[in-house]
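First the structure, in the form of C-alpha cells, and then the observations on it.
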Amino acid sequence: MRACRREPVPFTPIWLMRQAGRYMPEYRDVRARVGFLELCKTPSLAAEVTVTAAERLGVDAAIIFADILLPLEPMGLDLEFMKGDGPVIHNPMRSAADVHRLVELEEVGALEFVLEAIKQTRRALRSDLPLIGFAGAPFTLASYMVEGGGSKTYVQTKSLMYNDSGAWNAMMSLISRALVKYLNAQVEAGAQALQLFDSWVGCLSPDDYQQYVLPHTRSVLAGINRETPVIHFGTGTGELLRLISEAGGNVIGIDWRVRLDNGWERIGHDKAVMGNLDPVALFANRKHLRLQAKTILEQAGGRPGHIFNLGHGILPETPVENVIALVEMVHEMSTQ
C-alpha cells in the first residue's frame, strides 16, 4: 500500500498475477471437485484459493480469485467456460442492434458472490496483508463481447469500432458505468487496492487508443473511490504507456517487452509502477532467475513506488518452488 502511494518501504513488495492458479497443486485439488465458474461463484472456495496462494508464496498482497468476465452475465451475455477453449460468449455484440439489447447494470446484486468472497478473504487474511480487487477494463471486456472469446486479430472488435462509433461508444459507456459500481462495491466489501486489467489493449495503435478507449477508461478510473489505490495494467503497451498513464491510475503496469526504467520514464515518475519479469523466466535456473530479478530492481533504482510483479500472469506449468524462490530473492535483494 505504501509503494502504491510512492512512499518509502523497507523492501520492494511483490505479488504475482494469477498467483492463485492451476500451477499450484492446492488449486488443482479444488478444481478437481468443481468447475471454474462454480469456483468463482462459491465465496468460501474463492476465499480459500486466494488465501492459500498468498500464504504459501509469502507475497505482499493477495488478489481475490475471480474472473474479469463475470460482470458480463448480468449485462445480458451468455457466457460459458469451455474446457480447452476458454471463455465463449454465445451471443456476441456485432451490431448496434446487439448493443441496444445490453442490460444496464443498475446495481451489483448479481455479483454478490464476488463481494462475499472478498469479505470472507479479508477476514481470513493476516491484517497486514492487503487484498486487491479487480475488473477488466472497458476495451478488454468489449473485445470479448464482440469477438465472442479470445482473438489474435480483433477483426470484429475493430470493425465495430471503426464502422459504427456510435454503437461502440454506447457499449463502452455502458461497460464503464457497470465497472464503476462493481469496483466501488469491491472496496466497500474490503478490497484495499484495485487492479484494472486491460489485457488486450496492446492490439491498438496509439491514435486508436486515444480516440476510442482513453475517454472510457478515464471515466472508470475517475469514478473509483479516491482513497483506494488503483493499478492500471496492460500487455504489449510499450507505445501506449504515456496514454495509459494519462487515462489514470496510481500504479501503471509494465510488461516484460519494455525495460522498467524506460517504461517509467514514459509513464512519468509522479506515478508508481508494477512489473515486469517475463513469466517464462520462472522456468529458468535459479542463477538466471536471480539475475533477471536483480536487473529489474536495479532499473527501478531504489525510487519509491515500485511493486515487483510479472509482466503478465503465471503460466500453468510454472514450478511452484521457483515462484517461492523469486519472492524470497526480491525481498532479500531489495532489503540489501
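Residues are referred to by chain and number: the chain letter is A, B, ... according to the order shown in the C-alpha cells, the number counts from 1 in that chain, and ligands are numbered separately from 1 in the order shown.
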Which neighbours of A:Glu147 fall inside 6 Å, counting only C-alpha atoms, when residues of the same chain fewer than 3 positions from it are skipped, and could you give them as an MDAnalysis selection string? chainID A and resid 143:144 156
With N, CA and C atoms retained, export the selected residues as a short mmCIF file (atom, residue, chain, number, x, y, z; two decimals), in the first residue's frame.
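Dumped everything to part_20.cif:
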```
data_model
loop_
_atom_site.label_atom_id
_atom_site.label_comp_id
_atom_site.auth_asym_id
_atom_site.auth_seq_id
_atom_site.Cartn_x
_atom_site.Cartn_y
_atom_site.Cartn_z
N SER A 143 -13.83 -6.27 -26.17
CA SER A 143 -13.27 -7.17 -27.19
C SER A 143 -13.79 -8.58 -27.02
N TYR A 144 -13.93 -9.05 -25.78
CA TYR A 144 -14.53 -10.37 -25.55
C TYR A 144 -15.99 -10.39 -26.00
N GLN A 156 -13.31 -8.35 -35.57
CA GLN A 156 -14.69 -7.97 -35.28
C GLN A 156 -14.74 -6.72 -34.38
#
```
As a PyMOL selection string, please: all residues of stretch 3-84 of chain A that backbone DSSP puts in helix (DSSP H, G or I). chain A and resi 25-31+36-40+43-57+70-75
Fewer than 4 positions away in the same chain doesn't count, so skip those; otherwise give me all residues within 8 Å of stretch 47-49 of chain A, counting only C-alpha atoms, as a ChimeraX atom specification. /A:20,26-27,43,53,64-65,117-118,120-121
Go ahead and write the residues just picked, N, CA and C atoms, as a PDB file, in the first residue's frame.
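Contents of the output file out_26.pdb:
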```pdb
ATOM      1  N   ALA A  20      -2.930 -17.355  -7.589  1.00  0.00           N
ATOM      2  CA  ALA A  20      -3.819 -18.463  -7.225  1.00  0.00           C
ATOM      3  C   ALA A  20      -4.292 -19.091  -8.526  1.00  0.00           C
ATOM      4  N   GLU A  26      -2.651 -27.234  -4.712  1.00  0.00           N
ATOM      5  CA  GLU A  26      -3.819 -26.943  -3.867  1.00  0.00           C
ATOM      6  C   GLU A  26      -4.995 -26.448  -4.708  1.00  0.00           C
ATOM      7  N   TYR A  27      -4.689 -25.618  -5.722  1.00  0.00           N
ATOM      8  CA  TYR A  27      -5.737 -25.122  -6.606  1.00  0.00           C
ATOM      9  C   TYR A  27      -6.295 -26.265  -7.455  1.00  0.00           C
ATOM     10  N   PRO A  43     -18.230 -18.378  -2.721  1.00  0.00           N
ATOM     11  CA  PRO A  43     -17.333 -17.486  -1.967  1.00  0.00           C
ATOM     12  C   PRO A  43     -16.338 -18.201  -1.059  1.00  0.00           C
ATOM     13  N   ALA A  53      -2.865 -19.366  -1.656  1.00  0.00           N
ATOM     14  CA  ALA A  53      -1.770 -18.928  -2.529  1.00  0.00           C
ATOM     15  C   ALA A  53      -0.928 -17.854  -1.865  1.00  0.00           C
ATOM     16  N   ILE A  64      -8.089 -11.219  -5.077  1.00  0.00           N
ATOM     17  CA  ILE A  64      -9.274 -12.069  -4.966  1.00  0.00           C
ATOM     18  C   ILE A  64      -9.387 -12.992  -6.183  1.00  0.00           C
ATOM     19  N   PHE A  65      -9.756 -14.237  -5.937  1.00  0.00           N
ATOM     20  CA  PHE A  65      -9.947 -15.175  -7.037  1.00  0.00           C
ATOM     21  C   PHE A  65     -11.307 -14.893  -7.685  1.00  0.00           C
ATOM     22  N   ALA A 117     -16.992 -13.192  -1.347  1.00  0.00           N
ATOM     23  CA  ALA A 117     -15.656 -13.796  -1.345  1.00  0.00           C
ATOM     24  C   ALA A 117     -14.625 -12.812  -0.798  1.00  0.00           C
ATOM     25  N   ILE A 118     -14.751 -11.553  -1.172  1.00  0.00           N
ATOM     26  CA  ILE A 118     -13.835 -10.524  -0.652  1.00  0.00           C
ATOM     27  C   ILE A 118     -13.988 -10.405   0.862  1.00  0.00           C
ATOM     28  N   GLN A 120     -15.063 -12.673   3.023  1.00  0.00           N
ATOM     29  CA  GLN A 120     -14.519 -13.857   3.685  1.00  0.00           C
ATOM     30  C   GLN A 120     -12.995 -13.892   3.614  1.00  0.00           C
ATOM     31  N   THR A 121     -12.446 -13.480   2.478  1.00  0.00           N
ATOM     32  CA  THR A 121     -10.992 -13.460   2.330  1.00  0.00           C
ATOM     33  C   THR A 121     -10.367 -12.460   3.276  1.00  0.00           C
TER      34      THR A 121
END
```
Can you list, as a count of residues only, every residue of stretch 73-287 of chain A that DSSP puts in strand (DSSP E)? 31
Just want the 12 Å neighbourhood of A:Leu111, counted on only C-alpha atoms, with same-chain residues fewer than 5 positions away dropped. Output as a PDB file with N, CA and C atoms, in the first residue's frame.
```pdb
ATOM      1  N   CYS A  40     -15.656 -19.712  -8.994  1.00  0.00           N
ATOM      2  CA  CYS A  40     -15.796 -18.252  -8.906  1.00  0.00           C
ATOM      3  C   CYS A  40     -17.033 -17.844  -8.108  1.00  0.00           C
ATOM      4  N   LYS A  41     -18.106 -18.639  -8.235  1.00  0.00           N
ATOM      5  CA  LYS A  41     -19.391 -18.270  -7.644  1.00  0.00           C
ATOM      6  C   LYS A  41     -19.628 -18.890  -6.269  1.00  0.00           C
ATOM      7  N   THR A  42     -18.605 -19.563  -5.719  1.00  0.00           N
ATOM      8  CA  THR A  42     -18.701 -20.130  -4.371  1.00  0.00           C
ATOM      9  C   THR A  42     -17.740 -19.361  -3.470  1.00  0.00           C
ATOM     10  N   PRO A  43     -18.230 -18.378  -2.721  1.00  0.00           N
ATOM     11  CA  PRO A  43     -17.333 -17.486  -1.967  1.00  0.00           C
ATOM     12  C   PRO A  43     -16.338 -18.201  -1.059  1.00  0.00           C
ATOM     13  N   ALA A  66     -11.266 -14.510  -8.952  1.00  0.00           N
ATOM     14  CA  ALA A  66     -12.483 -14.214  -9.717  1.00  0.00           C
ATOM     15  C   ALA A  66     -12.082 -14.239 -11.186  1.00  0.00           C
ATOM     16  N   ASP A  67     -12.919 -13.699 -12.058  1.00  0.00           N
ATOM     17  CA  ASP A  67     -12.589 -13.617 -13.479  1.00  0.00           C
ATOM     18  C   ASP A  67     -13.096 -12.292 -14.014  1.00  0.00           C
ATOM     19  N   ILE A  68     -12.356 -11.720 -14.969  1.00  0.00           N
ATOM     20  CA  ILE A  68     -12.740 -10.404 -15.481  1.00  0.00           C
ATOM     21  C   ILE A  68     -14.079 -10.438 -16.203  1.00  0.00           C
ATOM     22  N   LEU A  69     -14.525 -11.617 -16.676  1.00  0.00           N
ATOM     23  CA  LEU A  69     -15.745 -11.680 -17.478  1.00  0.00           C
ATOM     24  C   LEU A  69     -17.017 -11.849 -16.650  1.00  0.00           C
ATOM     25  N   LEU A  70     -16.908 -11.997 -15.353  1.00  0.00           N
ATOM     26  CA  LEU A  70     -18.092 -12.228 -14.524  1.00  0.00           C
ATOM     27  C   LEU A  70     -19.158 -11.138 -14.659  1.00  0.00           C
ATOM     28  N   PRO A  71     -18.803  -9.853 -14.804  1.00  0.00           N
ATOM     29  CA  PRO A  71     -19.863  -8.837 -14.946  1.00  0.00           C
ATOM     30  C   PRO A  71     -20.662  -8.937 -16.246  1.00  0.00           C
ATOM     31  N   LEU A  72     -20.199  -9.732 -17.206  1.00  0.00           N
ATOM     32  CA  LEU A  72     -20.888  -9.778 -18.498  1.00  0.00           C
ATOM     33  C   LEU A  72     -22.221 -10.509 -18.424  1.00  0.00           C
ATOM     34  N   GLU A  73     -22.336 -11.503 -17.563  1.00  0.00           N
ATOM     35  CA  GLU A  73     -23.601 -12.249 -17.464  1.00  0.00           C
ATOM     36  C   GLU A  73     -24.776 -11.355 -17.081  1.00  0.00           C
ATOM     37  N   PRO A  74     -24.674 -10.559 -16.007  1.00  0.00           N
ATOM     38  CA  PRO A  74     -25.814  -9.692 -15.680  1.00  0.00           C
ATOM     39  C   PRO A  74     -26.069  -8.584 -16.703  1.00  0.00           C
ATOM     40  N   MET A  75     -25.135  -8.381 -17.630  1.00  0.00           N
ATOM     41  CA  MET A  75     -25.349  -7.414 -18.700  1.00  0.00           C
ATOM     42  C   MET A  75     -26.015  -8.046 -19.920  1.00  0.00           C
ATOM     43  N   LEU A 105     -26.289  -2.294 -15.903  1.00  0.00           N
ATOM     44  CA  LEU A 105     -26.072  -2.843 -14.564  1.00  0.00           C
ATOM     45  C   LEU A 105     -26.436  -1.768 -13.544  1.00  0.00           C
ATOM     46  N   GLU A 106     -27.672  -1.796 -13.080  1.00  0.00           N
ATOM     47  CA  GLU A 106     -28.157  -0.765 -12.154  1.00  0.00           C
ATOM     48  C   GLU A 106     -27.567  -0.936 -10.756  1.00  0.00           C
ATOM     49  N   GLU A 116     -18.961 -11.227  -1.464  1.00  0.00           N
ATOM     50  CA  GLU A 116     -18.915 -12.112  -0.294  1.00  0.00           C
ATOM     51  C   GLU A 116     -17.560 -12.811  -0.207  1.00  0.00           C
ATOM     52  N   ALA A 117     -16.992 -13.192  -1.347  1.00  0.00           N
ATOM     53  CA  ALA A 117     -15.656 -13.796  -1.345  1.00  0.00           C
ATOM     54  C   ALA A 117     -14.625 -12.812  -0.798  1.00  0.00           C
ATOM     55  N   ILE A 118     -14.751 -11.553  -1.172  1.00  0.00           N
ATOM     56  CA  ILE A 118     -13.835 -10.524  -0.652  1.00  0.00           C
ATOM     57  C   ILE A 118     -13.988 -10.405   0.862  1.00  0.00           C
ATOM     58  N   ALA A 135     -11.040  -5.792 -11.927  1.00  0.00           N
ATOM     59  CA  ALA A 135     -12.017  -5.914 -13.015  1.00  0.00           C
ATOM     60  C   ALA A 135     -11.276  -5.783 -14.332  1.00  0.00           C
ATOM     61  N   ALA A 178     -20.936   0.224 -15.457  1.00  0.00           N
ATOM     62  CA  ALA A 178     -21.010  -1.009 -14.659  1.00  0.00           C
ATOM     63  C   ALA A 178     -19.748  -1.205 -13.832  1.00  0.00           C
ATOM     64  N   LEU A 179     -18.592  -0.923 -14.423  1.00  0.00           N
ATOM     65  CA  LEU A 179     -17.325  -1.141 -13.734  1.00  0.00           C
ATOM     66  C   LEU A 179     -17.158  -0.223 -12.529  1.00  0.00           C
ATOM     67  N   LYS A 181     -19.520   0.899 -10.575  1.00  0.00           N
ATOM     68  CA  LYS A 181     -20.339   0.321  -9.497  1.00  0.00           C
ATOM     69  C   LYS A 181     -19.667  -0.922  -8.910  1.00  0.00           C
ATOM     70  N   TYR A 182     -19.197  -1.774  -9.791  1.00  0.00           N
ATOM     71  CA  TYR A 182     -18.609  -3.049  -9.376  1.00  0.00           C
ATOM     72  C   TYR A 182     -17.335  -2.840  -8.556  1.00  0.00           C
ATOM     73  N   LEU A 183     -16.450  -1.977  -9.018  1.00  0.00           N
ATOM     74  CA  LEU A 183     -15.177  -1.764  -8.323  1.00  0.00           C
ATOM     75  C   LEU A 183     -15.384  -1.062  -6.983  1.00  0.00           C
ATOM     76  N   ALA A 185     -17.996  -1.300  -5.162  1.00  0.00           N
ATOM     77  CA  ALA A 185     -18.596  -2.301  -4.283  1.00  0.00           C
ATOM     78  C   ALA A 185     -17.521  -3.230  -3.718  1.00  0.00           C
ATOM     79  N   GLN A 186     -16.496  -3.530  -4.509  1.00  0.00           N
ATOM     80  CA  GLN A 186     -15.394  -4.360  -4.010  1.00  0.00           C
ATOM     81  C   GLN A 186     -14.654  -3.652  -2.879  1.00  0.00           C
ATOM     82  N   ALA A 189     -16.639  -3.880   0.186  1.00  0.00           N
ATOM     83  CA  ALA A 189     -16.606  -5.237   0.741  1.00  0.00           C
ATOM     84  C   ALA A 189     -15.304  -5.549   1.465  1.00  0.00           C
TER      85      ALA A 189
END
```
What does the structure give for the distance between atom CA of A:Asn262 and atom CA of A:Leu141, in Å to one decimal?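 Spanning atom CA of A:Asn262 to atom CA of A:Leu141 is a straight-line distance of 28.5 Å.
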Could you tell me how far atom CA of A:Gly253 sits from atom CA of A:Ala272, in Å to one decimal place?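 Separation between atom CA of A:Ala272 and atom CA of A:Gly253: 8.8 Å.
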Each residue of stretch 221-293 of chain A with at least one atom at most 12 Å from stretch 210-216 of chain A should appear once, together with its nearest atom pair and the corresponding distance in Å (one decimal); atoms considered: only C-alpha atoms; ordering: chain, then increasing residue number; output as CSV.
```
residue,atom,partner,partner_atom,distance
A:Leu221,CA,A:His216,CA,8.9
A:Ala222,CA,A:His216,CA,9.9
A:Gly223,CA,A:His216,CA,10.8
A:Glu239,CA,A:Gln210,CA,11.8
A:Leu240,CA,A:Gln210,CA,9.1
A:Leu241,CA,A:Gln210,CA,11.5
A:Arg242,CA,A:Gln210,CA,10.5
A:Leu243,CA,A:Gln210,CA,7.1
A:Ile244,CA,A:Leu214,CA,7.5
A:Ser245,CA,A:Leu214,CA,10.0
A:Glu246,CA,A:Leu214,CA,8.2
A:Ala247,CA,A:Leu214,CA,5.7
A:Gly248,CA,A:Leu214,CA,9.2
```
Could you write out the selected residues, including N, CA, C and O atoms, as a compact mmCIF listing (two decimals), in the first residue's frame?
```txt
# COMPACT_ATOMS: atom_id res chain seq x y z
N LEU A 221 -11.71 5.11 -14.07
CA LEU A 221 -10.72 5.41 -13.05
C LEU A 221 -11.08 6.66 -12.26
O LEU A 221 -10.80 6.75 -11.06
N ALA A 222 -11.73 7.62 -12.90
CA ALA A 222 -12.15 8.83 -12.21
C ALA A 222 -13.31 8.56 -11.25
O ALA A 222 -13.53 9.32 -10.30
N GLY A 223 -14.06 7.47 -11.51
CA GLY A 223 -15.23 7.18 -10.69
C GLY A 223 -14.96 6.32 -9.48
O GLY A 223 -15.86 6.09 -8.67
N GLU A 239 4.19 1.33 -26.50
CA GLU A 239 3.92 2.60 -27.17
C GLU A 239 2.70 3.32 -26.61
O GLU A 239 2.41 4.45 -27.01
N LEU A 240 1.98 2.67 -25.71
CA LEU A 240 0.76 3.26 -25.14
C LEU A 240 0.96 3.77 -23.71
O LEU A 240 0.04 4.35 -23.14
N LEU A 241 2.13 3.55 -23.13
CA LEU A 241 2.30 3.81 -21.70
C LEU A 241 1.99 5.25 -21.32
O LEU A 241 1.37 5.51 -20.28
N ARG A 242 2.41 6.19 -22.14
CA ARG A 242 2.13 7.60 -21.82
C ARG A 242 0.62 7.85 -21.77
O ARG A 242 0.11 8.53 -20.88
N LEU A 243 -0.11 7.29 -22.74
CA LEU A 243 -1.55 7.48 -22.81
C LEU A 243 -2.26 6.72 -21.69
O LEU A 243 -3.24 7.21 -21.12
N ILE A 244 -1.77 5.53 -21.36
CA ILE A 244 -2.35 4.77 -20.26
C ILE A 244 -2.20 5.54 -18.96
O ILE A 244 -3.13 5.60 -18.14
N SER A 245 -1.03 6.13 -18.76
CA SER A 245 -0.81 6.95 -17.58
C SER A 245 -1.77 8.14 -17.57
O SER A 245 -2.33 8.51 -16.53
N GLU A 246 -1.98 8.72 -18.74
CA GLU A 246 -2.90 9.86 -18.86
C GLU A 246 -4.34 9.45 -18.51
O GLU A 246 -5.09 10.22 -17.93
N ALA A 247 -4.70 8.21 -18.87
CA ALA A 247 -6.06 7.73 -18.57
C ALA A 247 -6.30 7.63 -17.06
O ALA A 247 -7.43 7.81 -16.60
N GLY A 248 -5.25 7.33 -16.30
CA GLY A 248 -5.40 7.33 -14.85
C GLY A 248 -4.84 6.08 -14.19
O GLY A 248 -4.43 5.12 -14.84
```
Pairwise distance for atom CA of A:Gly21 and atom CA of A:Lys294, rounded to one decimal in Å: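 Computing it gives 25.6 Å between the two atoms.
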Find the residue from A:Trp264, A:Trp168, A:Phe139, A:Tyr154 that sits nearest to A:Thr217; use only C-alpha atoms when measuring.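 Nearest candidate to A:Thr217 out of A:Trp264, A:Trp168, A:Phe139, A:Tyr154: A:Phe139.
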Excluding A:Gly76 and any residue of its chain fewer than 4 positions from it, enumerate the residues within 12 Å of it, using only C-alpha atoms, and give them as a PyMOL selection string. chain A and resi 69-72+89-93+98-105+110+145+174-175
Store the residues of this selection in a file with C-alpha atoms, as a PDB file, in the first residue's frame.
```
ATOM      1  CA  LEU A  69     -15.745 -11.680 -17.478  1.00  0.00           C
ATOM      2  CA  LEU A  70     -18.092 -12.228 -14.524  1.00  0.00           C
ATOM      3  CA  PRO A  71     -19.863  -8.837 -14.946  1.00  0.00           C
ATOM      4  CA  LEU A  72     -20.888  -9.778 -18.498  1.00  0.00           C
ATOM      5  CA  ILE A  89     -19.801 -15.813 -25.423  1.00  0.00           C
ATOM      6  CA  HIS A  90     -22.659 -17.328 -27.396  1.00  0.00           C
ATOM      7  CA  ASN A  91     -24.398 -14.032 -28.245  1.00  0.00           C
ATOM      8  CA  PRO A  92     -21.564 -11.656 -29.266  1.00  0.00           C
ATOM      9  CA  MET A  93     -22.113  -7.953 -29.898  1.00  0.00           C
ATOM     10  CA  ASP A  98     -26.921  -6.173 -30.452  1.00  0.00           C
ATOM     11  CA  VAL A  99     -25.535  -3.347 -28.325  1.00  0.00           C
ATOM     12  CA  HIS A 100     -29.044  -1.965 -27.842  1.00  0.00           C
ATOM     13  CA  ARG A 101     -30.030  -5.256 -26.173  1.00  0.00           C
ATOM     14  CA  LEU A 102     -27.351  -4.961 -23.493  1.00  0.00           C
ATOM     15  CA  VAL A 103     -28.653  -4.625 -19.939  1.00  0.00           C
ATOM     16  CA  GLU A 104     -27.608  -1.637 -17.821  1.00  0.00           C
ATOM     17  CA  LEU A 105     -26.072  -2.843 -14.564  1.00  0.00           C
ATOM     18  CA  ALA A 110     -25.917 -10.270  -9.349  1.00  0.00           C
ATOM     19  CA  MET A 145     -18.116  -9.246 -26.011  1.00  0.00           C
ATOM     20  CA  LEU A 174     -22.394   1.037 -20.516  1.00  0.00           C
ATOM     21  CA  ILE A 175     -19.432  -1.155 -19.573  1.00  0.00           C
TER      22      ILE A 175
END
```
